[in-house]
Amino acid sequence: MSESGINRRDFLKVLGLGGSSLALTGCGNTDIRSGDEVIMPNVQPEDFVVPGLSVYYASTCRQCGSACGVMGRVREGRVLKMEGNPASRISGGKICGLGQAAVQVQYNPDRLTQPMMKVGSSLQPISWDKAMALLDEKTGPKSGIKGEEFGFLTGAMSGHLNVLTQNYMESLDSRNHYVYEALSPAISLAANRRVYGVDQPRLHFDKAKLIVSFGADFLGTGASPVHFAAEYAKFRKAPRGTLVQIEPKMTMTGGNADRWIAIIPGTEGVFALGIANQLLKHSEFTGTVPADIVDLVSKYDADTVSRITGVRSELVGHVASLLWEKTPSLVISGASVEGHAHGVQNAVAVQLLNQILGNVGKTIDGQAQSPFPQLSPAAGSFSALKAMNEKMGADEFKAVFIHGANPVFTAPSFMGFRDNLRKVPFKVAFVNALDETAEECDLVLPIFTAVEEFGSNVAWYQPEGVEITIQQPLMNQLYPDTRSMGDIMLNLVKARKADEYKAWPDFFSYLKTAIINIKPVVKYTDTDEHFWYDTLSNGVIHVDGAPQQVSAKFAATDLRLPASANAQDPVYPFYLVPSERHYFRDGRHANCGWLQESPDPMTTIVWDSWAEIHPKTAASMGIKEGDWLEIASQNGMLKVKAYVFPGIHPDAISIPLGQGHESLGRYAKGVGVNPFRILNPVFEKDTGELALYGTRVSVRKTGNSEIVVKDEGPVNTQMGRKLVVTLPADVAQLSKEI
Amino acid sequence: MVNTYEETEVAVEKKFVKKEHDINADIEWAKINKDILRSLERPRAIFWVIFVASFALFMVGVSCEVYQYQTGLGVANLDNPHVWGLYVATFIWWIGMGHSGTLLSALLHIMHADWRKPIYRYSEAMTTFTLLTAAMFVLVHLGRIWQFYYVVAYPNERWTWPNFQSPLVWDATAIGTYLTSSLIFLYIGMIPDLAICRDNAIGFRKKIYLFLSLGWMGTDRQWANFRVTYLTLACFLMPLAVSVHSIVSTDFAASQQPGYHITSFPPYFVAGAIYSGLAVIITLFIVLRYTFRFEEYMTIPILEKLAKLTFAAAMVWTYLNLIEYASTWYGNDMYAKQALIYRATGNFAPFWWMMNFLGSVLPFALAFKKVRTNIPVMLVLSILLNFGMWLERWMIISPTLAHGIYPWTWDHDQWPSFVQWGIVAGSFGWFNMLFMLYCKIFPSISMYEVKEMLYERRSFKTKKVAEEVSNPELAVEGGLAS
Amino acid sequence: MSITNLLNNWSFYRQKRPFRGQYDLNKQYSEYKWAMALDLDICTGCNACTTACYAENNLPVVGKERYQHGYAMHWIRIERYWDENMGEFPESGTSFLPMMCQQCEEAPCETVCPVGATNHTNDGLNSQNYHRCIGSRYCSVNCPYKVRYFNFWNYPSTAWPSPLQDQLNPDLTVRTKGVMEKCTFCVQRLNEAKSRARTEYRLVKDGEVVPACVQACPTNAITFGNIVDPKSKVAKMWKNQQVDLYKDEQEKDSSMRGYRILEDLRPFPSVMYMERVRDMEA
């Protein structure tokens, strides 16, 4: 390392390993050969292809933020299929449908295959040389751009690409790195920090006998669905745990609940406090919370709760008695609890139950401390987008980069994001396909997909210890005119800090050095090269770490819920529930045929958007399935077909997110509607996050009607046949089963 | 063509069969030849109208099939699990119609019901062409039409056989056998008439008829052999015809699909087949009578007899139909009962009720002599009865596939596309075209058998000199005899 | 001539299935019988299996309009049923049912295929020979589960716009218009595993090979294996649940959850489902 001329501390920081509490025992092997000499799967396919034989390479799924370890099945140099990597504690060898669709992102017929530059109002292809020259001219060292004039908007990122990005921002002396996720967990993290002092406690589903989930669709969306599904399976094995789900619209998790309770959106906290009130009447729970909270909670008797939440009053006591009977239990909250102006309070109120029941420390504890905080993920937030939007609106930016986010699609129309983006003189998007945001940019650079790219990832939710999942290319680049985002970032950093990074010709060698430097931490004793290849073939590096102890603390001020959460609105009588589809999320992968054709689990609808409406409401308004409805908020109107759905509160209308693209490709364009557009400017008051569930809407029947395309037939019950048989839990003897 | 052998035959016959005034016994034998051979020369103009219209319809069907062949069966609007539609329904319908021709001819021949004589020839021809039309539907219906021969049991280098367990293989075999036998039956019955044609034809047609008449000279030995062969074939065809439609019904009865899986299907299908076949014989009777000026031979009393037979068949069919409903209703098969209720109340209900009306209620009109003897009414009625029978086939196929055992895949919204309708329409064109061509090329009334019939009538008549009154029913409007 | 072949094999094919001794390790007929056990209590209805099947078996994406017409080619589909006597809300959740070809022993589809394109393989699968299929669709008519999917359109020309065809699995074909297709238990994987085992003079080990749906399932709701091998997990589960492959009516404890769907029709399916459990007190 001596010839690089930088000191050790900087070196570690450069590699994303700074701040490590563990001493590295040496700089290790710096003898990095150039990438094309190293035995890398499919970097040189002709050497390693055995015709007719499939080879499996470990990598990381980048379709969502869970960072599941996956295996790619490769044959004749083509990746054919994604499968779970059993070495990964997150995926446990399993994979969801969204993860499988990574190959459809790779082979997408609408992928961007060459750089594009805006000429007039349209994007025209240009060469990489010209594109990079333009990039250098506008943002390079000679452009004289100042840090505050430059903004970088990314999706949530982790690992070494994040390190490079941070280092690049630092080299520019810019603080404008905006990490934005349209469906960010920011409110949940804020509530967790307030209660437990950590971002994300670890949840032990398998240890719980009862899970009471307030709108947490942990099986479908959320922090780590594949991992939680496996945990859920353990929870359902003998002794079988009971799941109670309380939410305004039945999610996939709700569909699996033993008891599903419909509730007015935003009143979940009240319901939780109502349960707390019942529980605190039991003598063994006295003293679990401070007196002022007992005081506050005592206002919530069953009838009050029932009046506010719209839930039958006996259910308050019923859930409380379940919680009292079945210990340990686990109470969790999800997006429909948090997406309100009082989202943090709501979530804290839910967590209060865990404290009363003594679950903290039993089914809830902390995650292990990562020895590499630099690699940890930067969770996205809406407030980042808001901040960037304001600066763009004030003409403060000369150039912005956008990578891993599609804000033009996901930003609500009240923000005027598209107009503000247009004010920026130079906008660069790094994309796989032309999305709505890229269409607005001046320079669009086609980058590698996740299966062509090297990288490292650290998941936001870690089941055990810390798992660094290694992303290795599963095939050679499909199009010659695409480039690695890692290479681009490295070159950008090099342009400003050539000395520090000159040892690495490309991102691959940078990553290799960085990974090899982790070797001492995991106490690997063989050579560096062996470590590197072992790591690649394993796909994951496990860093053991004891879980942090967490304890909960509550302040009565955090539990002051607004009394008017269920206020009547004569113009907009319905609560809009913009539901997150488990394979669509914020819509970034909507252009995959498999995902479009994968039926929504609850409605079985494909290729479309729909509005879920309760049969009672539908009957009172004369609405039948397939009727076109106009769903209007103060900020816009959507025309969408009705789907009469019993699993929704009669006062709520649910429209799934992720559809309604104006761009992105043939499978996504023009399919469905985009509920992000009509959201009202309601913000969570503590965090400034957008309150996703805070929008009220009106519903109007247009009189037209069209068939809803779904897998479900004309009937939705079993019509007396013995297809799915239900056995009462007290009859079943799961313990006798194998 | 005087034959002493005939007389003894007639003498035996008289003991069993009551002779009626169904044909003018005084027609000259030479006139019979002249009248019938004239149908090969100059029919009424309506012939060409029918022929051209049929050809046009046929071309519609051909273009639909070409489109379907190129694109896939999806253009027919069939879908999963509603995989069968009008093709199979219409196939059964055509097959069914084919039954009456040969069955009627053979059965009545064996029963010595000699009123069959003026009408059996075209009925047999009808059978042959309906079978050809039905076979066409088998092909049209296949997903990979170019490999239809896999169904046929033929020795081949792949050492593969069809699956002999499959009712479809029985079908293919039964239909193949029936088609061959019917063709032979038709042809053998035609030989004496072909000889007449040969004797009267000139030019290239003479050569054709010469070849086809197989050197028929009308010798005693030839007549004796002819009679034995014809009777043998008739005896063979009787059970064959019954078996063919029974086998077709096993396509359904042997499957698990509710609404198909019904024990009474074989007789039900045979009854339906005879029913629709008789109806189409009436339709063709009226068409031929007018087109080829056969008024003297295809007389009202024969039509009336046909109508009575149709009525009987309709009642048998109705009975078996009600048995099907009753056994389903009172049975313990939830799936079949739900399917039945769906047929009566679901999307297909109008057609189902129409089918029951046309098939079971409308035939009661035949109880009235005024109806039976009114030619325009009978034309409309016979077409309606046949439409009812077509609906029956469709109501077996579609509603049950739409509403089977498995509720998740119920598929109520399926409706045949223009391709299916086009091919069904094309099949009418194809049938009519072939049938009309046949009637133009071959004598569609058996000349020699009509002569036999007349001979018999005359010998009968001479014994009833006193009652020599002209039968008003025999009056023929615009006929050549008047 | 082939008649010899026919007569020699006829008695075997004409056997009423399943018969005892058809599958056993002493290899009278076959030492393999692939079977499944599917736990409906932990199936979450997430559709990962469906997508895995699309990826593994080259299933075409048919598009919205064709999906509406019922042309979806999902070999495994997730059905979602509401309770029949549901009140205002589905308070005990919903019922998910993954439904794929049940690989029946006495398969209704096999007997009716005119050309024998669908056959019983020696290892108990319900094979579908695309090359032999002429598209009479009789098998689909006779399938009580309606899990057979017909190629009504020529999907190879439309479903994989370039370069999507690069994803296709070369271990099996892409089906053209006019043939029937259905779940095969990923027979390409099974055959590969069987030949690998044969070259090593052994039987396929339990868990050595699983279909794509089983492999993907995040909750491990599906267990797959060789039911002939008494040590395999699937055989143990069938035995534990007191479900007998050879019976059409099971005599089992009411606390046991195993059952086969539409067993009363006597198709003898190879998939055992395990009843959904609901805590009625919750």
# chains A, B, ... in the order shown; residues from 1 in each chain; ligands from 1
>>> interface_residues(of="chain C", to="chain A", cutoff="7 Å", atoms="only C-alpha atoms", output="MDAnalysis selection string")
chainID C and resid 42 44:48 51:52 55 61 64 67:68 80:84 89:95 97 161:164 166:169 215:219 237 240 255:256 261 275:280 282
>>> interface_residues(of="chain B", to="chain C", cutoff="9 Å", atoms="only C-alpha atoms", output="ChimeraX atom specification")
/B:70-84,138,141-148,150-152,155-170,251,254-257,401,404-406,408-409,411,413-414
>>> closest_residue(among="B:Leu309, B:Ala402, B:Leu57, B:Ile196", to="chain A", atoms="only C-alpha atoms")
B:Ala402
>>> atom_distance(atom1="CA of Trp93 (chain B)", atom2="CA of Leu40 (chain B)")
29.6 Å
>>> select_by_dssp(residues="region 115-160 of chain C", states="strand (DSSP E or B)", output="PyMOL selection string")
chain C and resi 118-120+126-128+149-150
>>> closest_residue(among="B:Leu454, B:Ala425, B:Ala271, B:Ala172", to="Thr310 (chain B)", atoms="only C-alpha atoms")
B:Ala271
>>> residues_around(residues="region 395-397 of chain B", least_positions_apart="3", cutoff="12 Å", atoms="only C-alpha atoms", output="ChimeraX atom specification")
/B:78,81-93,249,251-253,257-262,265,268-269,321,324,336,339-340,342-344,346-356,387-392,400-404 /C:138,141
>>> residues_around(residues="Gly339 (chain A)", least_positions_apart="4", cutoff="9 Å", atoms="only C-alpha atoms", output="ChimeraX atom specification")
/A:187,266,334-335,343-344,683-684,689-694
>>> write_last_selection(atoms="N, CA and C atoms", output="PDB file, in the first residue's frame")
ATOM      1  N   ILE A 187     -40.611   6.420   9.144  1.00  0.00           N
ATOM      2  CA  ILE A 187     -41.439   6.692  10.330  1.00  0.00           C
ATOM      3  C   ILE A 187     -41.269   5.571  11.339  1.00  0.00           C
ATOM      4  N   GLY A 266     -55.619   4.976  10.667  1.00  0.00           N
ATOM      5  CA  GLY A 266     -55.137   6.050  11.528  1.00  0.00           C
ATOM      6  C   GLY A 266     -55.548   5.901  12.975  1.00  0.00           C
ATOM      7  N   GLY A 334     -47.106  -1.622  11.155  1.00  0.00           N
ATOM      8  CA  GLY A 334     -46.675  -1.533   9.761  1.00  0.00           C
ATOM      9  C   GLY A 334     -47.090  -0.239   9.114  1.00  0.00           C
ATOM     10  N   ALA A 335     -47.018  -0.230   7.805  1.00  0.00           N
ATOM     11  CA  ALA A 335     -47.170   1.008   7.044  1.00  0.00           C
ATOM     12  C   ALA A 335     -48.502   1.702   7.294  1.00  0.00           C
ATOM     13  N   GLY A 343     -48.143   9.391  12.832  1.00  0.00           N
ATOM     14  CA  GLY A 343     -47.635   8.039  12.598  1.00  0.00           C
ATOM     15  C   GLY A 343     -46.714   7.553  13.696  1.00  0.00           C
ATOM     16  N   VAL A 344     -45.805   8.408  14.138  1.00  0.00           N
ATOM     17  CA  VAL A 344     -44.872   7.974  15.178  1.00  0.00           C
ATOM     18  C   VAL A 344     -45.645   7.648  16.451  1.00  0.00           C
ATOM     19  N   PHE A 683     -48.223  15.391   6.244  1.00  0.00           N
ATOM     20  CA  PHE A 683     -46.905  14.926   6.651  1.00  0.00           C
ATOM     21  C   PHE A 683     -46.921  14.449   8.083  1.00  0.00           C
ATOM     22  N   GLU A 684     -46.118  13.438   8.312  1.00  0.00           N
ATOM     23  CA  GLU A 684     -45.947  12.963   9.673  1.00  0.00           C
ATOM     24  C   GLU A 684     -45.301  14.102  10.439  1.00  0.00           C
ATOM     25  N   GLU A 689     -42.086  13.082   7.194  1.00  0.00           N
ATOM     26  CA  GLU A 689     -42.333  12.138   6.104  1.00  0.00           C
ATOM     27  C   GLU A 689     -43.743  12.308   5.559  1.00  0.00           C
ATOM     28  N   LEU A 690     -43.903  11.924   4.317  1.00  0.00           N
ATOM     29  CA  LEU A 690     -45.234  11.956   3.721  1.00  0.00           C
ATOM     30  C   LEU A 690     -46.109  10.919   4.415  1.00  0.00           C
ATOM     31  N   ALA A 691     -47.301  11.342   4.819  1.00  0.00           N
ATOM     32  CA  ALA A 691     -48.244  10.390   5.420  1.00  0.00           C
ATOM     33  C   ALA A 691     -49.016   9.722   4.302  1.00  0.00           C
ATOM     34  N   LEU A 692     -48.572   8.508   3.948  1.00  0.00           N
ATOM     35  CA  LEU A 692     -49.144   7.814   2.779  1.00  0.00           C
ATOM     36  C   LEU A 692     -50.631   7.554   2.929  1.00  0.00           C
ATOM     37  N   TYR A 693     -51.042   7.310   4.170  1.00  0.00           N
ATOM     38  CA  TYR A 693     -52.430   6.913   4.400  1.00  0.00           C
ATOM     39  C   TYR A 693     -53.287   8.098   4.844  1.00  0.00           C
ATOM     40  N   GLY A 694     -52.746   9.290   4.678  1.00  0.00           N
ATOM     41  CA  GLY A 694     -53.446  10.457   5.216  1.00  0.00           C
ATOM     42  C   GLY A 694     -54.364  11.132   4.226  1.00  0.00           C
TER      43      GLY A 694
END
>>> atom_distance(atom1="CA of Ser66 (chain A)", atom2="CA of Gly404 (chain A)")
15.0 Å
>>> atom_distance(atom1="CA of Pro125 (chain A)", atom2="CA of Lys494 (chain A)")
26.0 Å
>>> residues_around(residues="Val174 (chain C)", least_positions_apart="5", cutoff="10 Å", atoms="only C-alpha atoms", output="ChimeraX atom specification")
/C:57-60,130,155-156,165,168-169
>>> write_last_selection(atoms="all heavy atoms", output="PDB file, in the first residue's frame")
ATOM      1  N   ASN C  57     -39.953 -23.287 -16.341  1.00  0.00           N
ATOM      2  CA  ASN C  57     -40.618 -24.089 -17.362  1.00  0.00           C
ATOM      3  C   ASN C  57     -40.992 -23.331 -18.627  1.00  0.00           C
ATOM      4  O   ASN C  57     -41.837 -23.777 -19.389  1.00  0.00           O
ATOM      5  CB  ASN C  57     -41.854 -24.755 -16.760  1.00  0.00           C
ATOM      6  CG  ASN C  57     -41.474 -25.825 -15.769  1.00  0.00           C
ATOM      7  OD1 ASN C  57     -40.725 -26.729 -16.079  1.00  0.00           O
ATOM      8  ND2 ASN C  57     -41.970 -25.708 -14.546  1.00  0.00           N
ATOM      9  N   ASN C  58     -40.361 -22.195 -18.830  1.00  0.00           N
ATOM     10  CA  ASN C  58     -40.586 -21.420 -20.057  1.00  0.00           C
ATOM     11  C   ASN C  58     -42.061 -21.122 -20.285  1.00  0.00           C
ATOM     12  O   ASN C  58     -42.581 -21.320 -21.385  1.00  0.00           O
ATOM     13  CB  ASN C  58     -40.031 -22.161 -21.273  1.00  0.00           C
ATOM     14  CG  ASN C  58     -38.555 -22.430 -21.156  1.00  0.00           C
ATOM     15  OD1 ASN C  58     -37.880 -21.807 -20.354  1.00  0.00           O
ATOM     16  ND2 ASN C  58     -38.068 -23.363 -21.946  1.00  0.00           N
ATOM     17  N   LEU C  59     -42.737 -20.699 -19.254  1.00  0.00           N
ATOM     18  CA  LEU C  59     -44.147 -20.379 -19.424  1.00  0.00           C
ATOM     19  C   LEU C  59     -44.271 -18.993 -20.044  1.00  0.00           C
ATOM     20  O   LEU C  59     -43.588 -18.067 -19.631  1.00  0.00           O
ATOM     21  CB  LEU C  59     -44.880 -20.407 -18.073  1.00  0.00           C
ATOM     22  CG  LEU C  59     -44.785 -21.700 -17.291  1.00  0.00           C
ATOM     23  CD1 LEU C  59     -45.681 -21.641 -16.080  1.00  0.00           C
ATOM     24  CD2 LEU C  59     -45.173 -22.881 -18.150  1.00  0.00           C
ATOM     25  N   PRO C  60     -45.120 -18.868 -21.030  1.00  0.00           N
ATOM     26  CA  PRO C  60     -45.249 -17.568 -21.675  1.00  0.00           C
ATOM     27  C   PRO C  60     -46.063 -16.589 -20.839  1.00  0.00           C
ATOM     28  O   PRO C  60     -47.002 -16.986 -20.146  1.00  0.00           O
ATOM     29  CB  PRO C  60     -45.985 -17.901 -22.975  1.00  0.00           C
ATOM     30  CG  PRO C  60     -46.754 -19.128 -22.660  1.00  0.00           C
ATOM     31  CD  PRO C  60     -45.960 -19.892 -21.658  1.00  0.00           C
ATOM     32  N   TYR C 130     -45.244 -33.555 -25.845  1.00  0.00           N
ATOM     33  CA  TYR C 130     -45.678 -32.473 -26.737  1.00  0.00           C
ATOM     34  C   TYR C 130     -45.629 -32.887 -28.199  1.00  0.00           C
ATOM     35  O   TYR C 130     -46.412 -32.429 -29.015  1.00  0.00           O
ATOM     36  CB  TYR C 130     -44.803 -31.231 -26.546  1.00  0.00           C
ATOM     37  CG  TYR C 130     -44.705 -30.761 -25.124  1.00  0.00           C
ATOM     38  CD1 TYR C 130     -43.480 -30.574 -24.511  1.00  0.00           C
ATOM     39  CD2 TYR C 130     -45.853 -30.501 -24.391  1.00  0.00           C
ATOM     40  CE1 TYR C 130     -43.395 -30.146 -23.207  1.00  0.00           C
ATOM     41  CE2 TYR C 130     -45.777 -30.075 -23.077  1.00  0.00           C
ATOM     42  CZ  TYR C 130     -44.540 -29.889 -22.485  1.00  0.00           C
ATOM     43  OH  TYR C 130     -44.457 -29.468 -21.194  1.00  0.00           O
ATOM     44  N   TYR C 155     -47.339 -18.886 -28.866  1.00  0.00           N
ATOM     45  CA  TYR C 155     -46.607 -18.013 -27.944  1.00  0.00           C
ATOM     46  C   TYR C 155     -45.148 -17.806 -28.298  1.00  0.00           C
ATOM     47  O   TYR C 155     -44.614 -16.726 -28.058  1.00  0.00           O
ATOM     48  CB  TYR C 155     -46.754 -18.532 -26.513  1.00  0.00           C
ATOM     49  CG  TYR C 155     -48.151 -18.372 -25.997  1.00  0.00           C
ATOM     50  CD1 TYR C 155     -48.939 -19.459 -25.697  1.00  0.00           C
ATOM     51  CD2 TYR C 155     -48.698 -17.109 -25.864  1.00  0.00           C
ATOM     52  CE1 TYR C 155     -50.232 -19.312 -25.257  1.00  0.00           C
ATOM     53  CE2 TYR C 155     -49.992 -16.940 -25.429  1.00  0.00           C
ATOM     54  CZ  TYR C 155     -50.756 -18.049 -25.120  1.00  0.00           C
ATOM     55  OH  TYR C 155     -52.033 -17.891 -24.699  1.00  0.00           O
ATOM     56  N   PRO C 156     -44.444 -18.807 -28.858  1.00  0.00           N
ATOM     57  CA  PRO C 156     -43.028 -18.543 -29.139  1.00  0.00           C
ATOM     58  C   PRO C 156     -42.814 -17.306 -30.006  1.00  0.00           C
ATOM     59  O   PRO C 156     -41.770 -16.677 -29.923  1.00  0.00           O
ATOM     60  CB  PRO C 156     -42.582 -19.817 -29.864  1.00  0.00           C
ATOM     61  CG  PRO C 156     -43.466 -20.869 -29.332  1.00  0.00           C
ATOM     62  CD  PRO C 156     -44.791 -20.207 -29.094  1.00  0.00           C
ATOM     63  N   GLN C 165     -35.854 -14.062 -24.863  1.00  0.00           N
ATOM     64  CA  GLN C 165     -35.712 -15.492 -25.140  1.00  0.00           C
ATOM     65  C   GLN C 165     -34.406 -16.036 -24.570  1.00  0.00           C
ATOM     66  O   GLN C 165     -34.261 -17.240 -24.396  1.00  0.00           O
ATOM     67  CB  GLN C 165     -35.833 -15.776 -26.633  1.00  0.00           C
ATOM     68  CG  GLN C 165     -34.587 -15.528 -27.448  1.00  0.00           C
ATOM     69  CD  GLN C 165     -34.365 -14.059 -27.757  1.00  0.00           C
ATOM     70  OE1 GLN C 165     -35.189 -13.213 -27.420  1.00  0.00           O
ATOM     71  NE2 GLN C 165     -33.255 -13.735 -28.380  1.00  0.00           N
ATOM     72  N   LEU C 168     -34.763 -18.321 -21.562  1.00  0.00           N
ATOM     73  CA  LEU C 168     -35.444 -19.616 -21.638  1.00  0.00           C
ATOM     74  C   LEU C 168     -34.554 -20.751 -21.163  1.00  0.00           C
ATOM     75  O   LEU C 168     -33.355 -20.783 -21.431  1.00  0.00           O
ATOM     76  CB  LEU C 168     -35.902 -19.875 -23.077  1.00  0.00           C
ATOM     77  CG  LEU C 168     -37.004 -18.942 -23.564  1.00  0.00           C
ATOM     78  CD1 LEU C 168     -37.262 -19.155 -25.035  1.00  0.00           C
ATOM     79  CD2 LEU C 168     -38.258 -19.166 -22.760  1.00  0.00           C
ATOM     80  N   ASN C 169     -35.179 -21.677 -20.489  1.00  0.00           N
ATOM     81  CA  ASN C 169     -34.463 -22.830 -19.966  1.00  0.00           C
ATOM     82  C   ASN C 169     -34.232 -23.828 -21.094  1.00  0.00           C
ATOM     83  O   ASN C 169     -35.193 -24.354 -21.659  1.00  0.00           O
ATOM     84  CB  ASN C 169     -35.326 -23.460 -18.860  1.00  0.00           C
ATOM     85  CG  ASN C 169     -34.623 -24.584 -18.162  1.00  0.00           C
ATOM     86  OD1 ASN C 169     -33.523 -24.978 -18.542  1.00  0.00           O
ATOM     87  ND2 ASN C 169     -35.252 -25.120 -17.135  1.00  0.00           N
TER      88      ASN C 169
END
>>> closest_residue(among="B:Asp26, B:Asp199, B:Asp333, B:Glu452", to="chain A", atoms="only C-alpha atoms")
B:Asp333
>>> closest_residue(among="A:Asp558, A:Glu284, A:Glu325, A:Asp295", to="Leu352 (chain A)", atoms="only C-alpha atoms")
A:Asp558
>>> select_by_dssp(residues="region 176-270 of chain B", states="alpha helix (DSSP H)", output="VMD selection string")
chain B and resid 176 to 200 203 to 212 220 to 253 265 to 270
>>> closest_residue(among="A:Ser456, A:Ser306, A:Ser329, A:Gln659", to="Gly672 (chain A)", atoms="only C-alpha atoms")
A:Gln659
>>> decode(residues="region 68-79 of chain C", atoms="N, CA, C and O atoms", output="mmCIF file, in the first residue's frame")
data_model
loop_
_atom_site.group_PDB
_atom_site.id
_atom_site.type_symbol
_atom_site.label_atom_id
_atom_site.label_comp_id
_atom_site.auth_asym_id
_atom_site.auth_seq_id
_atom_site.Cartn_x
_atom_site.Cartn_y
_atom_site.Cartn_z
ATOM 1 N N GLN C 68 -57.479 -12.309 -19.617
ATOM 2 C CA GLN C 68 -58.919 -12.137 -19.398
ATOM 3 C C GLN C 68 -59.713 -13.272 -20.044
ATOM 4 O O GLN C 68 -60.698 -13.741 -19.508
ATOM 5 N N HIS C 69 -59.235 -13.725 -21.190
ATOM 6 C CA HIS C 69 -59.940 -14.793 -21.888
ATOM 7 C C HIS C 69 -59.633 -16.163 -21.329
ATOM 8 O O HIS C 69 -60.132 -17.157 -21.846
ATOM 9 N N GLY C 70 -58.785 -16.236 -20.323
ATOM 10 C CA GLY C 70 -58.502 -17.539 -19.740
ATOM 11 C C GLY C 70 -57.338 -18.256 -20.404
ATOM 12 O O GLY C 70 -57.263 -19.473 -20.345
ATOM 13 N N TYR C 71 -56.443 -17.522 -21.019
ATOM 14 C CA TYR C 71 -55.319 -18.179 -21.669
ATOM 15 C C TYR C 71 -54.071 -18.221 -20.782
ATOM 16 O O TYR C 71 -52.997 -18.585 -21.254
ATOM 17 N N ALA C 72 -54.205 -17.822 -19.519
ATOM 18 C CA ALA C 72 -53.032 -17.821 -18.640
ATOM 19 C C ALA C 72 -52.434 -19.216 -18.587
ATOM 20 O O ALA C 72 -53.148 -20.212 -18.547
ATOM 21 N N MET C 73 -51.120 -19.279 -18.600
ATOM 22 C CA MET C 73 -50.458 -20.571 -18.680
ATOM 23 C C MET C 73 -49.797 -20.954 -17.356
ATOM 24 O O MET C 73 -48.818 -21.688 -17.343
ATOM 25 N N HIS C 74 -50.310 -20.437 -16.238
ATOM 26 C CA HIS C 74 -49.673 -20.730 -14.951
ATOM 27 C C HIS C 74 -49.880 -22.189 -14.568
ATOM 28 O O HIS C 74 -50.966 -22.573 -14.163
ATOM 29 N N TRP C 75 -48.833 -22.974 -14.655
ATOM 30 C CA TRP C 75 -48.942 -24.386 -14.311
ATOM 31 C C TRP C 75 -49.292 -24.570 -12.848
ATOM 32 O O TRP C 75 -49.911 -25.539 -12.465
ATOM 33 N N ILE C 76 -48.831 -23.653 -12.029
ATOM 34 C CA ILE C 76 -49.271 -23.664 -10.627
ATOM 35 C C ILE C 76 -49.935 -22.319 -10.375
ATOM 36 O O ILE C 76 -49.391 -21.287 -10.704
ATOM 37 N N ARG C 77 -51.141 -22.377 -9.878
ATOM 38 C CA ARG C 77 -51.872 -21.139 -9.623
ATOM 39 C C ARG C 77 -52.255 -21.106 -8.158
ATOM 40 O O ARG C 77 -52.434 -22.143 -7.531
ATOM 41 N N ILE C 78 -52.356 -19.898 -7.613
ATOM 42 C CA ILE C 78 -52.774 -19.764 -6.222
ATOM 43 C C ILE C 78 -54.234 -19.344 -6.227
ATOM 44 O O ILE C 78 -54.569 -18.273 -6.728
ATOM 45 N N GLU C 79 -55.062 -20.188 -5.680
ATOM 46 C CA GLU C 79 -56.476 -19.845 -5.591
ATOM 47 C C GLU C 79 -56.744 -19.200 -4.245
ATOM 48 O O GLU C 79 -56.095 -19.516 -3.253
#
